[in-house]
Every structure is written in C-alpha cells, then in structure tokens.
Amino acid sequence: MPTWGAIAQELQKLILAQQATGVPPDPLAPSPHDQVRRKYLAELSSYTGRPVIVYASGWLEGRPVPDPSVVGVATRDLMGFMEAVHGLPPGPLDLILHSPGGDPDAAKAIMSYLRDVGFDPIRAIIPISAMSAATMMALSCDDILMGHHSQLGPIDPQFTLTTPDGPRSAPAQAILDQFERGKQECAASPQSLAAWLPILRSYSPGLLSQCLTAQEAAEETVAIAMQTYMFKELPRSDAESRAKEIAGWFNSHKTHRSHGKPLRYDELVEKKVRVMLLEDDDALQDKVLSAWHGVQLSLSQVAVNKLIENNRGKAWMLSGSPGLQIMIGSAPTRPVPARSLSPVQAPRPNRAERRRGR
C-alpha cells in the first residue's frame with residue numbers, strides 16, 4: 001500500500017509535470033489532485049465490485065469557515081449527492097464518511113435519498129471520524145467498516161443559545177439538567193434567584209420542549225433505521241429491542257458526558273453494532289486508506305471545505321470561499337466488474353432508474 005507520503009509524492013510529480021509544460025491548466029479539466037484522488041477511488045470500487053461515494057469535509061484542517069454548515073452535514077448537500085449518484089447502478093454501495101456532523105434532518109434526508117434511488121445494501125466506511133449527525137448516517141447503513149483508529153460519536157442533540165457574551169452551544173440534556181438544578185436551588189434558597197436570572201433569560205420560549213423533542217427524534221431516527229437495515233435479518237422483536245437499546249446508548253449525554261467523545265470499534269462491538277474491522281482484511285484496508293489519502297490531500301492542499309464524489313469522477317465541491325463548484329471532466333476509470341456482484345446485488349432498473357432519470 002502506498003503511504004500518505006508516497007501518494008503525496010505521486011501528486012507532486014503530476015503537479016511538477018504539468019508546470020513543466022508551460023501551458024496554463026484547463027480549469028475544466030481534472031487537476032493533479034483530482035487525478036490522484038479519482039485513481040484510488042476507482043481502484044477501491046474495482047476491488048470491492050461496488051460503487052463508491054465519498055462524503056468528506058475539511059473540518060480537521062483548521063481553516064476558519066464562515067458558517068458551520070460549510071463543513072457540516074447540511075440540506076444543500078443533497079445537490080452533491082444528486083450529482084454523485086448520477087450514472088451509478090443501483091444495488092450495493094460503499095459510502096465513505098468523514099464529517100463533524102451537523103443537521104440531523106439533513107442526515108436523514110440524505111440517507112433516505114440514497115435508499116430511494118435504489119442503493120441497498122449500503123456500507124459505511126469510516127477512515128477517520130464521522131461524528132454526531134454523520135454517526136446517524138453510519139448507523140442508518142447496513143454495515144459499518146472502520147479501523148482501530150476510526151471513531152463515531154454520540155448523537156445527543158446540541159443547541160446554540162444567545163447569551164450576553166455571545167452564542168454558546170450546549171447539549172440538550174445539559175440544558176434540561178441545568179434548568180432542574182436552578183429550580184431546586186431557587187426553591188431551597190430564594191436569594192440564589194439573582195444568580196440564576198442571567199442564565200434563565202437566555203432560555204427562549206419553548207426551549208425545554210425543543211430539547212426533549214430533539215432527543216426523542218434523534219433516538220427514534222436511528223432506532224428505526226437500524227431496525228430496518230442493520231438488523232433486518234433478526235426477528236422483528238429482537239431487531240426492535242436491539243436497535244432501541246443501541247440508539248439510546250448513542251443518545252445518552254449522561255453516559256458519554258461529551259458530544260465529542262470518540263466511540264471506537266471495541267465499544268461498538270460490545271454494544272452489538274454491526275461493525276467490521278478494517279484491519280481484518282489487509283487488501284481492503286490498503287484500498288480504503290489509499291483512497292482516503294487521496295481525498296485528504298485535496299481537503300488539505302486545495303482548501304476544499306466539502307467534497308461529494310463517486311468512483312467515476314462525478315463530483316460536487318464546496319471550495320474555500322462561499323459558493324459551489326461543480327468539477328467537470330473525469331479521469332478514466334475501469335467499470336465496476338459485473339462478475340463480483342451476486343444475483344441479489346445485480347443492478348435493479350425500473351422505479352429507481354426512472355426516479356434517477358427525472
């Protein structure tokens with residue numbers, strides 16, 4: 001397997017060769033970063049016999065962003081998935097996820113869209129980290145593939161409150177707990193009300209109800225998805241109870257105490273999440289990590305805030321400045337070998353194809 005450094009050198013050689021021609025690069029043609037990234041995404045797809053869509057953002061690159069949705073899961077990302085889905089056969093799909101999370105409703109919409117256009121089963125691949133709403137996306141898949149270094153995270157909802165010192169974010173459960181503590185302290189000692197008033201003033205009308213509703217919605221979304229896909233082979237009652245237990249664990253702020261807590265392979269196995277270890281298959285690990293190195297070089301060196309791309313080179317990119325950039329032109333790739341698909345996995349036309357055509 002070429003290491004990150006080896007792929008970076010491969011990229012640098014392409015850049016130098018392009019510069020040596022003295023010809024300005026065609027802005028509509030694949031750049032060296034595109035060529036390297038697409039090469040390894042195509043190799044991963046060729047190896048697994050499955051189409052691949054990568055959904056990744058540069059949230060770990062340390063760049064300032066004007067809005068969290070620029071790197072987080074957002075409804076407008078559906079446009080990127082519509083671009084990446086175009087031309088792919090329905091059936092099995094590998095979905096590479098790398099995101100800090102974001103809007104849980106957008107996460108649900110994206111996964112529903114992938115199912116609606118005919119992808120089944122879907123395997124989530126976590127090369128580094130898929131947190132919060134991205135964890136919800138992973139748990140909505142049939143399987144999860146991750147390494148010992150990879151991580152998911154809690155899905156407990158977060159709220160942003162307006163305070164005299166500016167916006168402050170807090171877990172929904174922490175807001176509920178703090179309110180209960182305030183009630184108890186003020187009842188026991190009315191003099192403490194003066195200390196609590198600045199905090200209570202930041203609670204907008206309906207906030208406590210919104211916190212409860214958001215918690216219920218997050219847990220219900222994940223539980224239903226896991227019951228429908230990840231545990232579909234279990235008896236219905238077993239699938240329902242296991243999905244509900246796992247969703248409750250992911251949603252428990254009191255258990256994890258931090259929304260950013262890394263939840264790794266061993267913990268997920270203990271909770272009976274359907275997860276596979278990347279290190280158990282050396283060849284697959286090589287292909288996945290090479291593809292990820294190609295993606296990460298684009299995220300870091302081209303100031304890409306968000307990238308949605310398939311193994312055939314169709315991509316949607318959110319660049320360093322606000323605005324969308326559709327990457328035009330694709331690198332030659334080998335088609336997905338039909339012999340690696342079982343009869344159950346064979347492309348299914350009709351409704352899915354008609355919907356995609358529309």
# chains A, B, ... in the order shown; residues from 1 in each chain; ligands from 1
$ residues_around --residues "A:Ser140" --least-positions-apart "3" --cutoff "10 Å" --atoms "only C-alpha atoms" --output "VMD selection string"
chain A and resid 107 to 108 111 to 112 122 to 124 134 to 137 143 to 144 221 to 230
$ select_by_dssp --residues "stretch 35-249 of chain A" --states "alpha helix (DSSP H)" --output "PyMOL selection string"
chain A and resi 35-48+77-85+104-116+133-139+172-188+193-201+207-225+236-249
$ closest_atom_pairs --of "stretch 193-275 of chain A" --to "stretch 96-102 of chain A" --cutoff "12 Å" --atoms "only C-alpha atoms" --output "CSV"
residue,atom,partner,partner_atom,distance
A:His259,CA,A:Pro100,CA,10.6
A:Gly260,CA,A:Pro100,CA,9.1
A:Lys261,CA,A:Pro100,CA,11.9
A:Pro262,CA,A:Pro100,CA,11.6
$ atom_distance --atom1 "atom CA of A:Arg236" --atom2 "atom CA of A:Leu145"
24.4 Å
$ residues_around --residues "A:Asp286" --least-positions-apart "6" --cutoff "10 Å" --atoms "only C-alpha atoms" --output "ChimeraX atom specification"
/A:1-3,44,278-279,292
$ residues_around --residues "stretch 51-68 of chain A" --least-positions-apart "3" --cutoff "6 Å" --atoms "only C-alpha atoms" --output "number ranges by chain"
A: 45, 71-72, 93-99, 299, 305-311
$ residues_around --residues "A:Leu176" --least-positions-apart "4" --cutoff "7 Å" --atoms "only C-alpha atoms" --output "PyMOL selection string"
chain A and resi 172+180+208
